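Participant: This is the structure I have questions about; it appears just below.
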Amino acid sequence: MSIMIGLEVHCQLNTESKLFCSCEAYPRDAQPNSSTCEICLGYPGTKPVINKKAIDHVISIGLALGCRINPESYFSRKTYFYPDMPKNYQITQYEVPIASEGSIEVNGMRIRIRRVHLEEDPARIVYADGNLETASHVLVDYNRAGTPLAEIVTEPDMKSPKEARAFLEKLSTILEYLKVYDQSKGASLRVDANISVDGGERAEVKNVTGFENVEKALNYEAVRQQNIVRLGRKVERETRHFDEVAKTTRTLRKKEFEEDYGYIFDPDLPVLDISDEWKSKIEKGMPELPDIMVKRFLKQYGISEYDAKVIVYTGKDFASFFEDVCRIYSKPKAASRWMINYLLKSLNWRSERISQSKASPDTFSELLTMIDKGEITERYAKELIKEYVDTGLRPSEIALKSGAKPSLQGLRDIVKKVIKDNTKAASEFAAGKNDALAYLIGAVLKETGKRGDPKEIARMIKEEISNASVAQ
Amino acid sequence: MKRVVILIRVKTFLEEVKSGSIDTDKFVSDVKASSSSMQEKYAPFITLNEGFGKATPQKGALQYLPVSVKDCLCTEGIRTTAGSKILETYVPNFDATAVAKVKAAGGMILGKTAQDEFGFGTFSTNCAYQVPKNPYDPERTCGGSSGGAGCATAAADFPHIAIAESTGGSITAPAAFTGTVGLTPTYGRVSRYGLIDYSNSMDKVGVISKEVYDSALMLSVIAGHDPLDSTSHNKGSEDFTKYIGKDVKGMKIGVPKEYFSSIDSNVKKLVEDAIAKLEGQEAEISEISLPSTKYAIAAYYIIAMGEASTNLAKYCGMRYGKQDKISGEFSEYFSSIRSSGFGEEAKRRIILGTYMRAAGFRDAYYIKALKVRSLLIKEFKAAFKGVDAIATPSMPMLPPRFDEIAKLSPLEIYNMDKMTTAPNLCGFPTISIPVGTSQGLPVGMQLIADHFMEGRLISLAAAAEVIK
Ligand SMILES: [Zn+2]
């Protein structure tokens, strides 16, 4: 059965202050309701004044998604009663949004963007000791009220939950590259997902956070709807809620109980005029977008397309890290291999982004150089990276102080000492007697307490003996 | 010898304050006593400012002048109800920009004047508090919704100016019925910050005063751009009193025939006399036609109620104003607060306004009304190509008695606004001036000009002014 998925993504925008007042948008460690004023609490008589930075951000999102920027757009009031709404209406864009009709390519598929508009976030609802159903009462924290949101609405162009997830991952990377979205400040992406099967009615799963959750919610919905169709019944149009614990969706309200938002133009805000100058100023200031960066990486660093995509789409911080490493260390292919296969794995294990981690391009380059020089084995390097990500110590320091793993320099010193102490065996080996090598390896392992890779030791012995012969 | 008081003109008073010939302490206590007795007789106030005259006012254009403020404008530390029970306990923590400007100019806030709840009315009878009585005849209305402002201005036996507000005629109506001057500025001329919204695309902070000079003076103080109000116009303020005494010779006044049919004949006569007086000063009078005016009331009420129904959504007993013990679901709690907190007319406008913007109806009502507004603006603008100002009666009748009002249907009451809705809907400035009395009751003439042409209105109004 065919599946159609369309998404509405709400991105909290990276601004200092809220959308309509000067309260801090992402107050750190703030008491509930402390970052509020009469405007974001909707006190009688107050009026909104728009934050220009938020408009800049929506313009740049629109441009990055290939949208048309509308020279005139409007703000509207979407009226419904809810305790998280200071005015019981939300200021949003209804008639004409800032940006319309774009598209992006995700894994070879073109996903159309219907619109990108600007609106205000409601307050945060806290269910006291429980959830929506079980809580005895709710608390409201208006610190979030008035945070600027960009709503990005797609056409129903995704054909599987997996595709929807891939779209979201790509979109969030783009938003991050644009610097309009900063998770480290506490900004989040929330998704409303619309899904229908076989051209039937759609269900909307509201307010899901986390791309994995979106995929799970959609998978659950797809199966639920397919089962209804198989039983010869019709899927009903409704709004559903995703239970993050049970990983299921359930009815929130049926179509006939949907709110009628009674949109009117917000008479407190004039028409938003976006001039060509404004648009081109934003365009000029836009950073390199991920797809362009991938192409550049292929050319500039000669790495594989797969590697380039992983590096770029892991995040802007990861890509910058790679470029910084390449400035210090001259082998981009090796750098990308070690970053993707080992560094990224360790970071993921810790659920850490590279920008939050203790790794630095400088110290990571040192690690790569040590491998190249043979100061540590590759096998040990893989181990070392874990400790490096955990502690942030310099790789050379970790190798040195590690009793469990001899540093290669230390190993080389032991090899030198063993050769010096066993000149007979050494000259026998030089004369071509292989048994002597086994003897020497045994002697080294005895010294290290059986630590060290025999192959590595053999290689070192060979090197040392041939060096010595050359010296003679 | 310092003068005590005090029925002197505002202009004279302010000059004497400057020259030091007013005993300001005595003045303050006299004004307090006088406003208390005025309140007993006519009830112009919802709240009298307890702190009146306690602090020495700032030096400025209004130093020591008692200024009353319509109750829909927020006043820091003074209860602000907008005439509604739902805000009975609401004390703002900030001043509306217009109020802050009055204070900065040395004005002293006398009290908060009565009004129809949130501005919803023409007679100030839809007020959750005392209804102001007309000083000409206490059995009659002062008009609305700025009825308290008109009442206080007419009744005050001391120099005073009222800050009022008009959405669809709420300055002109009380000015006409109380024999005072009412200046409704161009939409956006005066900041709406701190004005409790009725219909944001039409709400205008303005003035009611005894003389044209006073209104011009007050407009000079409160006008100007405000970064806190995105719809406030970029134009700065100016000294509007300079337009007083200008020669009106050669100024063109249009008289729209639609505004003179089916109105009280006494009103018609007095307004025509006033127009003749301007003609006597060699203003050029011509008949014009504004045929789309007949759609103005419908368009006005649709937009006003549509906007009002969203503005009133915020009053739900959660963050300020009327509160109750929380029980049940939030929607039950909100409903109980709103059911007991709003008056009849507020509920009517919420229901009608919600209907007119509902899916399936909004195109037929709300969107169409917006188109009518554009059409009307075009029609007026075309008229202003040929005339400097338009003269009409302020109200189509003499101030009615309260017992007569009680018998009127809502629709009949809405129709009383037929002189004022078109210019208010279109954001044009108007001034209403007293042009005499009929059966001992005052009659007003309304002058309308193009956007930001208050200066012209002031010149014409001063020329036609009848000083009692
Ligand atoms: Zn705020």
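In the structure tokens, chains take letters A, B, ... by order of appearance, with residues numbered from 1 within each chain and ligands from 1 in the order shown.
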Could you list, as a list in words, all the residues within 6 Å of ligand 1, counting only C-alpha atoms and all ligand atoms?
Facilitator: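 The residues near ligand 1 are Cys21, Ser22, Cys23, Thr36, Cys37, Ile39 and Cys40 of chain A.
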Participant: Which residues of stretch 219-249 of chain B come within 9 Å of stretch 277-294 of chain B, and for each one, what is the closest pair of atoms and their distance in Å to one decimal, counting only C-alpha atoms, sorted by chain and residue number, as a Markdown table?
Facilitator:
| residue | atom | partner | partner_atom | distance |
| --- | --- | --- | --- | --- |
| B:Asp247 | CA | B:Gln281 | CA | 8.2 |
| B:Val248 | CA | B:Ala283 | CA | 5.8 |
| B:Lys249 | CA | B:Glu282 | CA | 4.6 |
Participant: Please report as CSV every residue of chain B lying within 7 Å of chain A, along with the nearest atom pair and their distance in Å (one decimal), using only C-alpha atoms.
Facilitator:
residue,atom,partner,partner_atom,distance
B:Cys74,CA,A:Gly45,CA,6.7
B:Tyr193,CA,A:Thr46,CA,5.8
B:Gly194,CA,A:Gly45,CA,3.9
B:Leu195,CA,A:Gly45,CA,4.5
B:Ile196,CA,A:Gly45,CA,4.1
B:Asp197,CA,A:Gly45,CA,6.3
B:Asn200,CA,A:Pro267,CA,5.4
B:Ser201,CA,A:Pro267,CA,5.0
B:Leu228,CA,A:Val49,CA,6.3
B:Asp229,CA,A:Lys47,CA,6.1
B:Ser230,CA,A:Val49,CA,5.8
B:Thr231,CA,A:Pro270,CA,6.3
B:Thr310,CA,A:Thr79,CA,6.6
B:Ala313,CA,A:Asn88,CA,5.4
B:Lys314,CA,A:Lys87,CA,4.3
B:Thr354,CA,A:Gly262,CA,6.8
B:Arg357,CA,A:Gly262,CA,4.9
B:Ala358,CA,A:Gly262,CA,4.6
B:Ala359,CA,A:Gly262,CA,6.2
Participant: Would you work out the distance separating atom CA of B:Ala156 from atom CA of B:Glu404, expressed in Å to one decimal?
Facilitator: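 Atom CA of B:Ala156 sits 26.6 Å away from atom CA of B:Glu404.
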Participant: Find the distance between atom CA of A:His10 and atom CA of A:Ile59 and write it in Å to one decimal.
Facilitator: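 Distance between the two atoms: 15.2 Å.
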Participant: Go through stretch 93-192 of chain A and collect every residue that DSSP, computed from the backbone, puts in alpha helix (DSSP H); the answer should be as a list of chain:residue names.
Facilitator: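 Of stretch 93-192 of chain A, the ones in alpha helix (DSSP H) are A:Pro161, A:Lys162, A:Glu163, A:Ala164, A:Arg165, A:Ala166, A:Phe167, A:Leu168, A:Glu169, A:Lys170, A:Leu171, A:Ser172, A:Thr173, A:Ile174, A:Leu175, A:Glu176, A:Tyr177.
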Participant: Within 12 Å of A:Glu383, counting only C-alpha atoms, which residues show up once you throw out same-chain ones fewer than 2 positions away? Write them as a ChimeraX atom specification, please.
Facilitator: /A:342-343,345-346,367,376-381,385-390,395,398-399,402,404-405
Participant: Considering only C-alpha atoms, return as number ranges by chain whatever protein or nucleic-acid residues lie within 6 Å of stretch 447-451 of chain B, sequence-local ones (same chain, fewer than 6 positions apart) excluded.
Facilitator: B: 186, 389-391, 428-431
Participant: Enumerate the residues of stretch 171-400 of chain B with a DSSP assignment of strand (DSSP E or B), computed from the backbone, and present them as a PDB file with N, CA and C atoms, in the first residue's frame.
Facilitator:
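Written output follows (part.pdb):
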ATOM      1  N   VAL B 181     -15.388  69.659  22.849  1.00  0.00           N
ATOM      2  CA  VAL B 181     -14.618  69.442  21.622  1.00  0.00           C
ATOM      3  C   VAL B 181     -14.003  68.042  21.690  1.00  0.00           C
ATOM      4  N   GLY B 182     -14.163  67.279  20.625  1.00  0.00           N
ATOM      5  CA  GLY B 182     -13.562  65.941  20.607  1.00  0.00           C
ATOM      6  C   GLY B 182     -12.662  65.779  19.402  1.00  0.00           C
ATOM      7  N   LEU B 183     -11.393  65.534  19.636  1.00  0.00           N
ATOM      8  CA  LEU B 183     -10.441  65.387  18.533  1.00  0.00           C
ATOM      9  C   LEU B 183     -10.023  63.918  18.408  1.00  0.00           C
ATOM     10  N   THR B 184     -10.373  63.327  17.280  1.00  0.00           N
ATOM     11  CA  THR B 184      -9.969  61.953  16.978  1.00  0.00           C
ATOM     12  C   THR B 184      -8.845  62.032  15.950  1.00  0.00           C
ATOM     13  N   VAL B 190      -1.172  58.742  17.296  1.00  0.00           N
ATOM     14  CA  VAL B 190      -0.855  58.634  18.734  1.00  0.00           C
ATOM     15  C   VAL B 190      -0.647  57.150  19.041  1.00  0.00           C
ATOM     16  N   LEU B 195      -3.003  50.942  25.488  1.00  0.00           N
ATOM     17  CA  LEU B 195      -4.444  51.069  25.276  1.00  0.00           C
ATOM     18  C   LEU B 195      -5.028  49.663  25.226  1.00  0.00           C
ATOM     19  N   LYS B 204      -8.047  54.597  18.320  1.00  0.00           N
ATOM     20  CA  LYS B 204      -7.243  55.822  18.251  1.00  0.00           C
ATOM     21  C   LYS B 204      -7.328  56.556  19.573  1.00  0.00           C
ATOM     22  N   VAL B 205      -6.205  56.874  20.147  1.00  0.00           N
ATOM     23  CA  VAL B 205      -6.201  57.668  21.370  1.00  0.00           C
ATOM     24  C   VAL B 205      -6.384  59.125  20.958  1.00  0.00           C
ATOM     25  N   GLY B 206      -7.309  59.834  21.606  1.00  0.00           N
ATOM     26  CA  GLY B 206      -7.563  61.225  21.249  1.00  0.00           C
ATOM     27  C   GLY B 206      -7.918  62.059  22.460  1.00  0.00           C
ATOM     28  N   VAL B 207      -8.602  63.160  22.206  1.00  0.00           N
ATOM     29  CA  VAL B 207      -8.789  64.157  23.265  1.00  0.00           C
ATOM     30  C   VAL B 207     -10.236  64.647  23.310  1.00  0.00           C
ATOM     31  N   ILE B 208     -10.731  64.922  24.507  1.00  0.00           N
ATOM     32  CA  ILE B 208     -11.970  65.691  24.671  1.00  0.00           C
ATOM     33  C   ILE B 208     -11.623  66.876  25.574  1.00  0.00           C
ATOM     34  N   SER B 209     -12.073  68.058  25.152  1.00  0.00           N
ATOM     35  CA  SER B 209     -11.700  69.254  25.908  1.00  0.00           C
ATOM     36  C   SER B 209     -12.781  70.314  25.764  1.00  0.00           C
ATOM     37  N   ALA B 223       1.080  63.041  20.556  1.00  0.00           N
ATOM     38  CA  ALA B 223       1.332  62.485  19.220  1.00  0.00           C
ATOM     39  C   ALA B 223       2.786  62.057  19.077  1.00  0.00           C
ATOM     40  N   LYS B 252     -11.756  74.686   1.257  1.00  0.00           N
ATOM     41  CA  LYS B 252     -12.923  74.053   0.628  1.00  0.00           C
ATOM     42  C   LYS B 252     -13.514  73.013   1.581  1.00  0.00           C
ATOM     43  N   ILE B 253     -14.834  73.181   1.788  1.00  0.00           N
ATOM     44  CA  ILE B 253     -15.514  72.235   2.680  1.00  0.00           C
ATOM     45  C   ILE B 253     -16.596  71.496   1.903  1.00  0.00           C
ATOM     46  N   GLY B 254     -16.525  70.186   1.954  1.00  0.00           N
ATOM     47  CA  GLY B 254     -17.528  69.368   1.288  1.00  0.00           C
ATOM     48  C   GLY B 254     -18.628  68.988   2.260  1.00  0.00           C
ATOM     49  N   VAL B 255     -19.856  69.064   1.782  1.00  0.00           N
ATOM     50  CA  VAL B 255     -20.997  68.681   2.612  1.00  0.00           C
ATOM     51  C   VAL B 255     -21.651  67.460   1.958  1.00  0.00           C
ATOM     52  N   PRO B 256     -21.440  66.284   2.535  1.00  0.00           N
ATOM     53  CA  PRO B 256     -21.973  65.070   1.891  1.00  0.00           C
ATOM     54  C   PRO B 256     -23.462  64.916   2.166  1.00  0.00           C
ATOM     55  N   GLU B 284     -15.071  77.910   1.138  1.00  0.00           N
ATOM     56  CA  GLU B 284     -15.923  77.560  -0.004  1.00  0.00           C
ATOM     57  C   GLU B 284     -16.660  76.254   0.278  1.00  0.00           C
ATOM     58  N   ILE B 285     -17.969  76.346   0.234  1.00  0.00           N
ATOM     59  CA  ILE B 285     -18.802  75.194   0.579  1.00  0.00           C
ATOM     60  C   ILE B 285     -19.325  74.540  -0.702  1.00  0.00           C
ATOM     61  N   SER B 286     -19.268  73.206  -0.750  1.00  0.00           N
ATOM     62  CA  SER B 286     -19.857  72.519  -1.906  1.00  0.00           C
ATOM     63  C   SER B 286     -20.481  71.204  -1.447  1.00  0.00           C
ATOM     64  N   GLU B 287     -21.519  70.812  -2.174  1.00  0.00           N
ATOM     65  CA  GLU B 287     -22.143  69.532  -1.831  1.00  0.00           C
ATOM     66  C   GLU B 287     -21.340  68.412  -2.479  1.00  0.00           C
ATOM     67  N   ILE B 288     -21.115  67.352  -1.728  1.00  0.00           N
ATOM     68  CA  ILE B 288     -20.426  66.182  -2.292  1.00  0.00           C
ATOM     69  C   ILE B 288     -21.260  64.937  -1.999  1.00  0.00           C
ATOM     70  N   ALA B 389     -11.828  69.590   3.706  1.00  0.00           N
ATOM     71  CA  ALA B 389     -12.463  68.915   4.836  1.00  0.00           C
ATOM     72  C   ALA B 389     -13.908  68.631   4.487  1.00  0.00           C
ATOM     73  N   ILE B 390     -14.477  67.690   5.242  1.00  0.00           N
ATOM     74  CA  ILE B 390     -15.881  67.326   5.043  1.00  0.00           C
ATOM     75  C   ILE B 390     -16.605  67.653   6.336  1.00  0.00           C
ATOM     76  N   ALA B 391     -17.773  68.289   6.217  1.00  0.00           N
ATOM     77  CA  ALA B 391     -18.539  68.647   7.415  1.00  0.00           C
ATOM     78  C   ALA B 391     -19.809  67.816   7.486  1.00  0.00           C
ATOM     79  N   THR B 392     -20.066  67.238   8.645  1.00  0.00           N
ATOM     80  CA  THR B 392     -21.290  66.448   8.872  1.00  0.00           C
ATOM     81  C   THR B 392     -21.778  66.732  10.292  1.00  0.00           C
ATOM     82  N   PRO B 393     -22.999  66.348  10.602  1.00  0.00           N
ATOM     83  CA  PRO B 393     -23.381  66.375  12.013  1.00  0.00           C
ATOM     84  C   PRO B 393     -22.523  65.359  12.769  1.00  0.00           C
TER      85      PRO B 393
END
Participant: Using only C-alpha atoms, which residues sit within 7 Å of A:Thr251 once same-chain residues fewer than 6 positions away are excluded, as a PyMOL selection string?
Facilitator: chain A and resi 239-241
Participant: Might you pull out every residue within 8 Å of B:Ile302, with only C-alpha atoms counted and same-chain residues fewer than 6 positions away left off, and present them as a list in words?
Facilitator: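 Within the cut-off, the hits are Gly353, Met356, Tyr365, Tyr366 and Ala369 of chain B.
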